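Undergrad: Please find run_29.pdb (PDB, C-alpha atoms) on the next line:
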ATOM      1  CA  MET A 269     -12.043  18.373  32.569  1.00  0.00           C
ATOM      2  CA  SER A 270     -13.987  17.579  35.738  1.00  0.00           C
ATOM      3  CA  ILE A 271     -12.319  17.909  39.142  1.00  0.00           C
ATOM      4  CA  GLN A 272     -14.149  17.655  42.444  1.00  0.00           C
ATOM      5  CA  PHE A 273     -13.327  20.302  45.088  1.00  0.00           C
ATOM      6  CA  SER A 274     -14.402  20.234  48.715  1.00  0.00           C
ATOM      7  CA  GLN A 275     -15.929  23.263  50.449  1.00  0.00           C
ATOM      8  CA  GLY A 276     -13.278  23.376  53.134  1.00  0.00           C
ATOM      9  CA  LYS A 277      -9.560  23.914  52.934  1.00  0.00           C
ATOM     10  CA  LEU A 278      -7.765  21.336  50.869  1.00  0.00           C
ATOM     11  CA  GLN A 279      -5.655  18.867  52.771  1.00  0.00           C
ATOM     12  CA  ASP A 280      -2.226  17.765  51.584  1.00  0.00           C
ATOM     13  CA  GLN A 281      -3.456  14.527  50.029  1.00  0.00           C
ATOM     14  CA  GLU A 282      -6.424  16.229  48.347  1.00  0.00           C
ATOM     15  CA  GLN A 283      -4.195  18.932  46.894  1.00  0.00           C
ATOM     16  CA  LYS A 284      -1.727  16.317  45.665  1.00  0.00           C
ATOM     17  CA  THR A 285      -4.552  14.371  43.982  1.00  0.00           C
ATOM     18  CA  ILE A 286      -5.842  17.489  42.221  1.00  0.00           C
ATOM     19  CA  LEU A 287      -2.348  18.372  41.000  1.00  0.00           C
ATOM     20  CA  GLN A 288      -1.921  14.875  39.591  1.00  0.00           C
ATOM     21  CA  GLN A 289      -5.244  15.133  37.765  1.00  0.00           C
ATOM     22  CA  VAL A 290      -4.303  18.523  36.315  1.00  0.00           C
ATOM     23  CA  GLN A 291      -0.917  17.229  35.155  1.00  0.00           C
ATOM     24  CA  CYS A 292      -2.581  14.211  33.546  1.00  0.00           C
ATOM     25  CA  HIS A 293      -5.031  16.431  31.629  1.00  0.00           C
ATOM     26  CA  MET A 294      -2.227  18.761  30.578  1.00  0.00           C
ATOM     27  CA  GLN A 295      -0.158  15.846  29.273  1.00  0.00           C
ATOM     28  CA  LYS A 296      -3.099  14.472  27.281  1.00  0.00           C
ATOM     29  CA  ALA A 297      -3.794  17.921  25.829  1.00  0.00           C
ATOM     30  CA  ALA A 298      -0.121  18.300  24.874  1.00  0.00           C
ATOM     31  CA  GLN A 299      -0.110  14.883  23.187  1.00  0.00           C
ATOM     32  CA  GLU A 300      -3.218  15.766  21.169  1.00  0.00           C
ATOM     33  CA  ALA A 301      -1.584  19.029  20.130  1.00  0.00           C
ATOM     34  CA  VAL A 302       1.572  17.175  19.053  1.00  0.00           C
ATOM     35  CA  ARG A 303      -0.521  14.679  17.054  1.00  0.00           C
ATOM     36  CA  GLY A 304      -2.361  17.492  15.279  1.00  0.00           C
ATOM     37  CA  VAL A 305       0.775  19.466  14.420  1.00  0.00           C
ATOM     38  CA  VAL A 306       2.780  16.441  13.229  1.00  0.00           C
ATOM     39  CA  THR A 307      -0.145  15.196  11.121  1.00  0.00           C
ATOM     40  CA  GLU A 308      -0.551  18.607   9.500  1.00  0.00           C
ATOM     41  CA  VAL A 309       3.174  18.879   8.742  1.00  0.00           C
ATOM     42  CA  VAL A 310       3.534  15.427   7.139  1.00  0.00           C
ATOM     43  CA  GLU A 311       0.383  15.970   5.055  1.00  0.00           C
ATOM     44  CA  ALA A 312       1.774  19.288   3.853  1.00  0.00           C
ATOM     45  CA  GLU A 313       5.056  17.588   2.939  1.00  0.00           C
ATOM     46  CA  VAL A 314       3.201  14.947   0.886  1.00  0.00           C
ATOM     47  CA  THR A 315       1.321  17.707  -0.932  1.00  0.00           C
ATOM     48  CA  ALA A 316       4.571  19.527  -1.688  1.00  0.00           C
ATOM     49  CA  LYS A 317       6.277  16.348  -2.942  1.00  0.00           C
ATOM     50  CA  LEU A 318       3.398  15.331  -5.203  1.00  0.00           C
ATOM     51  CA  GLY A 319       2.765  18.889  -6.389  1.00  0.00           C
ATOM     52  CA  ARG A 320      -1.011  18.523  -6.017  1.00  0.00           C
ATOM     53  CA  GLU A 321      -3.627  18.780  -3.293  1.00  0.00           C
ATOM     54  CA  LYS A 322      -5.505  15.814  -1.914  1.00  0.00           C
ATOM     55  CA  GLY A 323      -8.249  14.784  -4.359  1.00  0.00           C
ATOM     56  CA  GLN A 324      -6.654  16.559  -7.321  1.00  0.00           C
ATOM     57  CA  PRO A 325      -5.996  14.175 -10.266  1.00  0.00           C
ATOM     58  CA  ARG A 326      -2.401  13.501 -11.235  1.00  0.00           C
ATOM     59  CA  GLN A 327      -1.045  14.570 -14.627  1.00  0.00           C
ATOM     60  CA  THR A 328       0.063  11.358 -16.323  1.00  0.00           C
ATOM     61  CA  GLN A 329       1.053  13.091 -19.568  1.00  0.00           C
ATOM     62  CA  SER A 330       3.019  15.945 -18.002  1.00  0.00           C
ATOM     63  CA  GLN A 331       6.796  16.190 -17.769  1.00  0.00           C
ATOM     64  CA  GLU A 332       8.520  13.955 -15.240  1.00  0.00           C
ATOM     65  CA  ARG A 333       8.881  15.434 -11.741  1.00  0.00           C
ATOM     66  CA  ALA A 334      11.798  13.763  -9.959  1.00  0.00           C
ATOM     67  CA  ILE A 335      11.802  13.927  -6.143  1.00  0.00           C
ATOM     68  CA  ASP A 336      14.001  12.414  -3.452  1.00  0.00           C
ATOM     69  CA  TRP A 337      11.351   9.818  -2.557  1.00  0.00           C
ATOM     70  CA  LYS A 338      11.396   6.650  -4.632  1.00  0.00           C
ATOM     71  CA  CYS A 339       9.574   3.369  -5.055  1.00  0.00           C
ATOM     72  CA  GLY A 340      11.021   0.543  -2.988  1.00  0.00           C
ATOM     73  CA  HIS A 341      10.516  -1.964  -5.818  1.00  0.00           C
ATOM     74  CA  CYS A 342      11.205  -0.352  -9.208  1.00  0.00           C
ATOM     75  CA  GLY A 343      13.168   2.702  -7.991  1.00  0.00           C
ATOM     76  CA  CYS A 344      10.855   5.207  -9.710  1.00  0.00           C
ATOM     77  CA  SER A 345      11.206   8.770  -8.388  1.00  0.00           C
ATOM     78  CA  ASP A 346       8.649  10.465 -10.641  1.00  0.00           C
ATOM     79  CA  ALA A 347       6.068  12.197  -8.449  1.00  0.00           C
ATOM     80  CA  ASN A 348       3.521  12.011 -11.271  1.00  0.00           C
ATOM     81  CA  GLN A 349       3.504   8.214 -10.857  1.00  0.00           C
ATOM     82  CA  PHE A 350       2.767   8.354  -7.108  1.00  0.00           C
ATOM     83  CA  ILE A 351      -0.685   8.411  -5.515  1.00  0.00           C
ATOM     84  CA  ARG A 352      -1.880   8.593  -1.925  1.00  0.00           C
ATOM     85  CA  ASP A 353      -2.563   5.181  -0.423  1.00  0.00           C
ATOM     86  CA  GLY A 354      -4.118   5.828   2.961  1.00  0.00           C
ATOM     87  CA  HIS A 355      -2.289   5.912   6.284  1.00  0.00           C
ATOM     88  CA  TYR A 356      -0.624   3.581   8.744  1.00  0.00           C
ATOM     89  CA  ARG A 357      -0.675   4.076  12.494  1.00  0.00           C
ATOM     90  CA  ARG A 358       2.416   4.348  14.650  1.00  0.00           C
ATOM     91  CA  GLU A 359       3.368   5.623  18.074  1.00  0.00           C
ATOM     92  CA  LEU A 360       5.790   8.449  18.724  1.00  0.00           C
ATOM     93  CA  GLN A 361       7.469   8.942  22.065  1.00  0.00           C
ATOM     94  CA  THR A 362       8.165  12.597  22.744  1.00  0.00           C
ATOM     95  CA  GLY A 363       9.077  14.852  25.618  1.00  0.00           C
ATOM     96  CA  TRP A 364       5.318  15.338  26.233  1.00  0.00           C
ATOM     97  CA  GLY A 365       4.681  11.595  26.499  1.00  0.00           C
ATOM     98  CA  THR A 366       3.777   8.808  24.067  1.00  0.00           C
ATOM     99  CA  VAL A 367       1.529   9.834  21.170  1.00  0.00           C
ATOM    100  CA  GLN A 368      -0.610   6.852  20.205  1.00  0.00           C
ATOM    101  CA  SER A 369      -2.084   6.056  16.773  1.00  0.00           C
ATOM    102  CA  LEU A 370      -0.278   8.807  14.863  1.00  0.00           C
ATOM    103  CA  PRO A 371      -1.512   8.682  11.215  1.00  0.00           C
ATOM    104  CA  VAL A 372       1.349   8.660   8.697  1.00  0.00           C
ATOM    105  CA  PRO A 373       0.528   9.007   4.967  1.00  0.00           C
ATOM    106  CA  MET A 374       1.528   6.246   2.530  1.00  0.00           C
ATOM    107  CA  LEU A 375       2.144   6.497  -1.213  1.00  0.00           C
ATOM    108  CA  GLU A 376       1.849   3.900  -3.969  1.00  0.00           C
ATOM    109  CA  CYS A 377       3.764   3.725  -7.234  1.00  0.00           C
ATOM    110  CA  GLN A 378       1.479   3.286 -10.267  1.00  0.00           C
ATOM    111  CA  ARG A 379       4.195   1.617 -12.345  1.00  0.00           C
ATOM    112  CA  CYS A 380       4.511  -1.462 -10.135  1.00  0.00           C
ATOM    113  CA  GLN A 381       1.812  -0.957  -7.437  1.00  0.00           C
ATOM    114  CA  HIS A 382       4.399  -1.124  -4.629  1.00  0.00           C
ATOM    115  CA  ASP A 383       4.947   1.191  -1.684  1.00  0.00           C
ATOM    116  CA  VAL A 384       6.991   4.365  -1.976  1.00  0.00           C
ATOM    117  CA  ILE A 385       9.771   4.944   0.574  1.00  0.00           C
ATOM    118  CA  CYS A 386       8.802   8.236   2.229  1.00  0.00           C
ATOM    119  CA  GLU A 387      11.470   9.930   4.336  1.00  0.00           C
ATOM    120  CA  TYR A 388       9.691  12.707   6.191  1.00  0.00           C
ATOM    121  CA  ALA A 389      11.552  15.723   7.488  1.00  0.00           C
ATOM    122  CA  ILE A 390      10.243  15.454  11.059  1.00  0.00           C
ATOM    123  CA  LEU A 391       9.683  11.682  11.334  1.00  0.00           C
ATOM    124  CA  GLU A 392      12.455   9.111  11.261  1.00  0.00           C
ATOM    125  CA  LYS A 393      11.404   5.719   9.977  1.00  0.00           C
ATOM    126  CA  TYR A 394      11.624   2.834  12.484  1.00  0.00           C
ATOM    127  CA  LYS A 395      12.621   5.243  15.282  1.00  0.00           C
ATOM    128  CA  LYS A 396       9.985   5.576  17.979  1.00  0.00           C
ATOM    129  CA  TYR A 397      11.789   8.295  19.958  1.00  0.00           C
ATOM    130  CA  TRP A 398      11.320  11.768  18.529  1.00  0.00           C
ATOM    131  CA  MET A 399      14.152  14.239  18.008  1.00  0.00           C
ATOM    132  CA  ASP A 400      13.356  16.275  21.138  1.00  0.00           C
ATOM    133  CA  LEU A 401      14.365  13.356  23.344  1.00  0.00           C
ATOM    134  CA  ALA A 402      17.655  13.016  21.459  1.00  0.00           C
ATOM    135  CA  GLN A 403      18.322  16.725  21.947  1.00  0.00           C
ATOM    136  CA  ASP A 404      17.483  16.368  25.632  1.00  0.00           C
ATOM    137  CA  ALA A 405      19.999  13.521  25.947  1.00  0.00           C
ATOM    138  CA  LEU A 406      22.760  15.602  24.357  1.00  0.00           C
ATOM    139  CA  TRP A 407      21.967  18.644  26.469  1.00  0.00           C
ATOM    140  CA  SER A 408      21.735  16.643  29.695  1.00  0.00           C
ATOM    141  CA  SER A 409      25.005  14.843  28.947  1.00  0.00           C
ATOM    142  CA  GLY A 410      26.686  18.192  28.315  1.00  0.00           C
ATOM    143  CA  CYS A 411      25.432  19.324  31.733  1.00  0.00           C
ATOM    144  CA  SER A 412      27.193  16.296  33.302  1.00  0.00           C
ATOM    145  CA  GLN A 413      24.041  14.334  34.074  1.00  0.00           C
ATOM    146  CA  SER A 414      24.542  10.596  34.319  1.00  0.00           C
ATOM    147  CA  LEU A 415      22.984   8.120  31.895  1.00  0.00           C
ATOM    148  CA  ARG A 416      20.914   6.630  34.700  1.00  0.00           C
ATOM    149  CA  ASP A 417      19.425  10.015  35.617  1.00  0.00           C
ATOM    150  CA  ILE A 418      18.540  10.667  31.976  1.00  0.00           C
ATOM    151  CA  CYS A 419      16.982   7.205  31.634  1.00  0.00           C
ATOM    152  CA  ASP A 420      14.919   7.676  34.792  1.00  0.00           C
ATOM    153  CA  ARG A 421      13.543  10.979  33.502  1.00  0.00           C
ATOM    154  CA  TRP A 422      12.781   9.504  30.063  1.00  0.00           C
ATOM    155  CA  SER A 423      11.065   6.502  31.663  1.00  0.00           C
ATOM    156  CA  ALA A 424       8.820   8.779  33.713  1.00  0.00           C
ATOM    157  CA  THR A 425       7.977  10.801  30.584  1.00  0.00           C
ATOM    158  CA  VAL A 426       7.159   8.013  28.116  1.00  0.00           C
ATOM    159  CA  GLY A 427       5.604   5.701  30.715  1.00  0.00           C
ATOM    160  CA  HIS A 428       7.907   2.680  30.400  1.00  0.00           C
ATOM    161  CA  SER A 429      11.484   1.693  31.116  1.00  0.00           C
ATOM    162  CA  VAL A 430      14.175   3.180  28.866  1.00  0.00           C
ATOM    163  CA  GLY A 431      17.526   1.372  28.693  1.00  0.00           C
ATOM    164  CA  LEU A 432      20.944   2.916  29.155  1.00  0.00           C
ATOM    165  CA  ARG A 433      21.975   1.778  25.676  1.00  0.00           C
ATOM    166  CA  THR A 434      19.124   3.732  24.082  1.00  0.00           C
ATOM    167  CA  VAL A 435      20.352   7.002  25.558  1.00  0.00           C
ATOM    168  CA  ASN A 436      24.046   6.212  25.087  1.00  0.00           C
ATOM    169  CA  GLU A 437      23.597   5.549  21.351  1.00  0.00           C
ATOM    170  CA  ARG A 438      22.198   9.033  20.843  1.00  0.00           C
ATOM    171  CA  ILE A 439      25.002  10.659  22.817  1.00  0.00           C
ATOM    172  CA  ASN A 440      27.649   8.756  20.826  1.00  0.00           C
ATOM    173  CA  HIS A 441      26.403  10.420  17.631  1.00  0.00           C
ATOM    174  CA  LEU A 442      28.412  13.470  18.719  1.00  0.00           C
ATOM    175  CA  GLU A 443      31.733  11.614  18.647  1.00  0.00           C
ATOM    176  CA  PRO A 444      32.566  12.445  14.966  1.00  0.00           C
ATOM    177  CA  LEU A 445      31.719  16.101  15.577  1.00  0.00           C
ATOM    178  CA  VAL A 446      33.912  16.183  18.698  1.00  0.00           C
ATOM    179  CA  HIS A 447      36.818  14.647  16.760  1.00  0.00           C
ATOM    180  CA  GLN A 448      36.346  17.215  13.988  1.00  0.00           C
ATOM    181  CA  PHE A 449      36.325  20.038  16.528  1.00  0.00           C
ATOM    182  CA  HIS A 450      39.547  18.766  18.112  1.00  0.00           C
ATOM    183  CA  THR A 451      41.390  18.579  14.775  1.00  0.00           C
ATOM    184  CA  GLN A 452      40.248  21.726  12.993  1.00  0.00           C
ATOM    185  CA  PRO A 453      42.376  24.888  13.423  1.00  0.00           C
ATOM    186  CA  PHE A 454      41.101  27.983  15.190  1.00  0.00           C
ATOM    187  CA  GLU A 455      40.027  30.769  12.873  1.00  0.00           C
ATOM    188  CA  GLN A 456      40.893  33.443  15.436  1.00  0.00           C
ATOM    189  CA  VAL A 457      43.262  33.167  18.395  1.00  0.00           C
ATOM    190  CA  PRO A 458      41.909  34.691  21.646  1.00  0.00           C
ATOM    191  CA  GLN A 459      43.832  37.518  23.286  1.00  0.00           C
ATOM    192  CA  VAL A 460      44.008  35.699  26.639  1.00  0.00           C
ATOM    193  CA  ILE A 461      44.352  31.943  27.125  1.00  0.00           C
ATOM    194  CA  GLN A 462      43.950  30.443  30.590  1.00  0.00           C
ATOM    195  CA  LEU A 463      45.485  26.982  31.044  1.00  0.00           C
ATOM    196  CA  ASP A 464      44.514  24.610  33.814  1.00  0.00           C
ATOM    197  CA  GLY A 465      44.354  20.904  34.644  1.00  0.00           C
ATOM    198  CA  ILE A 466      41.667  18.819  36.316  1.00  0.00           C
ATOM    199  CA  TRP A 467      42.680  15.550  37.955  1.00  0.00           C
ATOM    200  CA  VAL A 468      40.182  12.697  37.702  1.00  0.00           C
ATOM    201  CA  THR A 469      40.209   8.985  38.494  1.00  0.00           C
ATOM    202  CA  ILE A 470      39.547   6.674  35.541  1.00  0.00           C
ATOM    203  CA  THR A 471      38.521   3.102  36.310  1.00  0.00           C
ATOM    204  CA  GLU A 472      40.139   0.439  34.147  1.00  0.00           C
ATOM    205  CA  GLN A 473      39.386  -3.262  33.889  1.00  0.00           C
ATOM    206  CA  GLY A 474      42.204  -5.649  34.578  1.00  0.00           C
ATOM    207  CA  GLU A 475      42.824  -9.234  33.522  1.00  0.00           C
ATOM    208  CA  VAL A 476      42.587 -10.760  37.011  1.00  0.00           C
ATOM    209  CA  VAL A 477      39.170 -12.316  37.760  1.00  0.00           C
ATOM    210  CA  VAL A 478      37.870 -11.973  41.329  1.00  0.00           C
ATOM    211  CA  LEU A 479      34.591 -12.689  43.122  1.00  0.00           C
ATOM    212  CA  ASP A 480      32.407  -9.807  44.227  1.00  0.00           C
ATOM    213  CA  ARG A 481      30.136  -9.691  47.290  1.00  0.00           C
ATOM    214  CA  ARG A 482      27.515 -11.811  45.501  1.00  0.00           C
ATOM    215  CA  ASN A 483      30.132 -14.401  44.494  1.00  0.00           C
ATOM    216  CA  ARG A 484      29.995 -13.340  40.843  1.00  0.00           C
ATOM    217  CA  ALA A 485      33.120 -13.577  38.708  1.00  0.00           C
ATOM    218  CA  ARG A 486      34.216 -10.100  37.719  1.00  0.00           C
ATOM    219  CA  ASN A 487      37.385  -8.610  36.284  1.00  0.00           C
ATOM    220  CA  GLU A 488      39.293  -6.695  38.892  1.00  0.00           C
ATOM    221  CA  ARG A 489      39.092  -2.946  38.461  1.00  0.00           C
ATOM    222  CA  HIS A 490      41.586  -0.346  39.524  1.00  0.00           C
ATOM    223  CA  GLY A 491      41.700   3.399  39.201  1.00  0.00           C
ATOM    224  CA  LYS A 492      44.361   5.614  37.686  1.00  0.00           C
ATOM    225  CA  LYS A 493      44.849   9.322  38.179  1.00  0.00           C
ATOM    226  CA  ARG A 494      44.714  11.228  34.900  1.00  0.00           C
ATOM    227  CA  VAL A 495      44.813  14.928  34.197  1.00  0.00           C
ATOM    228  CA  ILE A 496      42.434  16.672  31.806  1.00  0.00           C
ATOM    229  CA  LEU A 497      44.069  19.729  30.267  1.00  0.00           C
ATOM    230  CA  VAL A 498      41.744  22.710  29.882  1.00  0.00           C
ATOM    231  CA  ALA A 499      42.455  25.769  27.727  1.00  0.00           C
ATOM    232  CA  LEU A 500      40.001  28.626  28.168  1.00  0.00           C
ATOM    233  CA  GLY A 501      40.131  31.446  25.616  1.00  0.00           C
ATOM    234  CA  LEU A 502      38.987  34.884  26.736  1.00  0.00           C
ATOM    235  CA  GLN A 503      38.057  37.505  24.207  1.00  0.00           C
ATOM    236  CA  SER A 504      35.749  40.484  24.633  1.00  0.00           C
ATOM    237  CA  ARG A 505      34.936  43.685  22.820  1.00  0.00           C
ATOM    238  CA  GLU A 506      36.307  45.706  25.719  1.00  0.00           C
ATOM    239  CA  TRP A 507      39.640  43.870  25.424  1.00  0.00           C
ATOM    240  CA  GLU A 508      39.705  44.496  21.669  1.00  0.00           C
ATOM    241  CA  ARG A 509      38.966  48.180  22.217  1.00  0.00           C
ATOM    242  CA  LYS A 510      41.745  48.515  24.792  1.00  0.00           C
ATOM    243  CA  THR A 511      44.183  46.620  22.577  1.00  0.00           C
ATOM    244  CA  ARG A 512      43.299  48.762  19.602  1.00  0.00           C
ATOM    245  CA  ASN A 513      43.739  51.963  21.629  1.00  0.00           C
ATOM    246  CA  CYS A 514      47.106  50.760  22.962  1.00  0.00           C
ATOM    247  CA  GLY A 515      48.228  50.006  19.433  1.00  0.00           C
ATOM    248  CA  LEU A 516      47.269  53.484  18.263  1.00  0.00           C
ATOM    249  CA  ALA A 517      49.078  55.028  21.238  1.00  0.00           C
ATOM    250  CA  ASP A 518      52.270  53.119  20.397  1.00  0.00           C
ATOM    251  CA  CYS A 519      52.090  54.321  16.809  1.00  0.00           C
ATOM    252  CA  ARG A 520      51.664  57.918  17.912  1.00  0.00           C
ATOM    253  CA  GLU A 521      54.662  57.633  20.252  1.00  0.00           C
ATOM    254  CA  ARG A 522      56.801  56.211  17.472  1.00  0.00           C
ATOM    255  CA  GLU A 523      55.736  58.987  15.108  1.00  0.00           C
ATOM    256  CA  ALA A 524      56.536  61.620  17.712  1.00  0.00           C
TER     257      ALA A 524
END
Kindly transcribe the structure held in the file into structure tokens.

TA:
Amino acid sequence: MSIQFSQGKLQDQEQKTILQQVQCHMQKAAQEAVRGVVTEVVEAEVTAKLGREKGQPRQTQSQERAIDWKCGHCGCSDANQFIRDGHYRRELQTGWGTVQSLPVPMLECQRCQHDVICEYAILEKYKKYWMDLAQDALWSSGCSQSLRDICDRWSATVGHSVGLRTVNERINHLEPLVHQFHTQPFEQVPQVIQLDGIWVTITEQGEVVVLDRRNRARNERHGKKRVILVALGLQSREWERKTRNCGLADCREREA
């Protein structure tokens, strides 16, 4: 890394330029580190699936070793019939930026000479956004950040525009889990339950079509006041200790 410094005190623009250069170098270093770690992990997974190191001959006469990877043509899942078949290059967009030319191992089935469907633990096929961005979307949504704010931050990270639908699809994956949480019973009832209500305005789309300021036909929207019921359970060790002591005191009084 080569950065030019002047002998005098840095001015605001010079300091800003140096900071941008440092951030650029840091991002490139982080992307190279991500490429190295991901490559090492997927290669180790291939070695574990095949049961042999790279360059070691396969045992054609040994007992069948069934794995969860299978040939896309004949459906074979015997690891002894699979061999390494080079790599293909893909890009992976992460929270550290876009990793270019990431080498992903390929396998070939020796029964039909077709490709093996490899489902790696840390790489999702046909999905260019890595799991850290999906986790960021869920966390940011839970912190009440808007979709547009999340998209703007993602766009600045990966270096191109990210659509609202891309982020919204990842947030909607939580819907089944939320429904399950709402329907399952509580294993333990808290000692104190605080009930409250929060009033919000929900915008609904009507059937009447009106023209907006740009003379575009839009369905008329109107807002309705709705209340969100909130139940907050409070339970602490101190409360349990006090409750337990009160229970023992009542028993002693009854015995006396």

Undergrad: Report, in Å with one decimal, the straight-line distance from atom CA of A:Ser414 to atom CA of A:Ala402.

TA: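 Interatomic distance here is 14.8 Å.
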
Undergrad: Between atom CA of A:Val426 and atom CA of A:Gly304, what is the distance in Å, rounded to a tenth?

TA: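 For atom CA of A:Val426 relative to atom CA of A:Gly304, the distance reads 18.6 Å.
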
Undergrad: Report the residues retrieved by the PyMOL selection byres ((chain A and resi 492-500) around 8) from the displayed file, expressed as a list in words.

TA: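 With the shown file as input, the PyMOL selection byres ((chain A and resi 492-500) around 8) matches Ile461, Gln462, Leu463, Asp464, Gly465, Ile466, Trp467, Val468, Thr469, Ile470, Thr471, Glu472, His490, Gly491, Gly501 and Leu502 of chain A.
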
Undergrad: Using all atoms listed in the file, which of the listed residues (A:Ser408, A:Thr307, A:Gln378, A:Gln403) sits closest to A:His441?

TA: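 Nearest candidate to A:His441 out of A:Ser408, A:Thr307, A:Gln378, A:Gln403: A:Gln403.
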
Undergrad: For A:Gly427, which of A:Glu455, A:Lys317, A:Ser504, A:Gln361 is the closest residue, counting all atoms listed in the file?

TA: A:Gln361

Undergrad: Mind checking which residues fall within 10 Å of A:Glu437, counting all atoms listed in the file, ignoring those fewer than 5 positions away in the same chain, and posting them as a ChimeraX atom specification?

TA: /A:402,405,432,442

Undergrad: What lies within 10 Å of stretch 308-315 of chain A using all atoms listed in the file, ignoring chain neighbours under 2 positions off, as a PDB file with C-alpha atoms, in the coordinates of the input?

TA:
ATOM      1  CA  VAL A 302       1.572  17.175  19.053  1.00  0.00           C
ATOM      2  CA  ARG A 303      -0.521  14.679  17.054  1.00  0.00           C
ATOM      3  CA  GLY A 304      -2.361  17.492  15.279  1.00  0.00           C
ATOM      4  CA  VAL A 305       0.775  19.466  14.420  1.00  0.00           C
ATOM      5  CA  VAL A 306       2.780  16.441  13.229  1.00  0.00           C
ATOM      6  CA  LYS A 317       6.277  16.348  -2.942  1.00  0.00           C
ATOM      7  CA  LEU A 318       3.398  15.331  -5.203  1.00  0.00           C
ATOM      8  CA  GLY A 319       2.765  18.889  -6.389  1.00  0.00           C
ATOM      9  CA  ARG A 320      -1.011  18.523  -6.017  1.00  0.00           C
ATOM     10  CA  GLU A 321      -3.627  18.780  -3.293  1.00  0.00           C
ATOM     11  CA  LYS A 322      -5.505  15.814  -1.914  1.00  0.00           C
ATOM     12  CA  ILE A 351      -0.685   8.411  -5.515  1.00  0.00           C
ATOM     13  CA  ARG A 352      -1.880   8.593  -1.925  1.00  0.00           C
ATOM     14  CA  PRO A 371      -1.512   8.682  11.215  1.00  0.00           C
ATOM     15  CA  VAL A 372       1.349   8.660   8.697  1.00  0.00           C
ATOM     16  CA  PRO A 373       0.528   9.007   4.967  1.00  0.00           C
ATOM     17  CA  MET A 374       1.528   6.246   2.530  1.00  0.00           C
ATOM     18  CA  LEU A 375       2.144   6.497  -1.213  1.00  0.00           C
ATOM     19  CA  CYS A 386       8.802   8.236   2.229  1.00  0.00           C
ATOM     20  CA  TYR A 388       9.691  12.707   6.191  1.00  0.00           C
ATOM     21  CA  ALA A 389      11.552  15.723   7.488  1.00  0.00           C
ATOM     22  CA  ILE A 390      10.243  15.454  11.059  1.00  0.00           C
ATOM     23  CA  LEU A 391       9.683  11.682  11.334  1.00  0.00           C
TER      24      LEU A 391
END

Undergrad: Applying 7 Å and only C-alpha atoms, which residues near A:Val478 remain after dropping the ones on its own chain fewer than 2 positions away? List them as a list in words.

TA: Val476, Asp480, Ala485, Arg486, Asn487 and Glu488 of chain A

Undergrad: Would you compute the distance between atom CA of A:Asn440 and atom CA of A:Thr425? Give it in Å to one decimal.

TA: 22.1 Å

Undergrad: Which one of A:Arg416, A:Arg421, A:Arg358, A:Lys338 sits closest to A:Glu392 if you count all atoms listed in the file?

TA: A:Arg358

Undergrad: With the file shown as input, list the residues that the PyMOL selection byres ((chain A and resi 360) around 9) selects, as a list in words.

TA: Arg358, Glu359, Gln361, Thr362, Gly365, Thr366, Val367, Gln368, Ser369, Leu370, Leu391, Lys395, Lys396, Tyr397 and Trp398 of chain A

Undergrad: Of the candidates A:Val384, A:Arg357, A:Lys277, A:Leu287, which shows the shortest atom-to-atom distance to A:Ile335, using all atoms listed in the file?

TA: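 When distances to A:Ile335 are compared using all atoms listed in the file, the smallest one comes from A:Val384.
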
Undergrad: Kindly resolve the PyMOL selection byres ((chain A and resi 333) around 6) on the present coordinates and return the residues as a ChimeraX atom specification.

TA: /A:332,334,346-347

Undergrad: Compare A:Tyr356, A:Trp407, A:Phe454, A:Trp337 by their minimum atom-to-atom distance to A:Val435, counting only C-alpha atoms, and give me the closest one.

TA: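 Checking each candidate against A:Val435, we get A:Trp407 as the closest.
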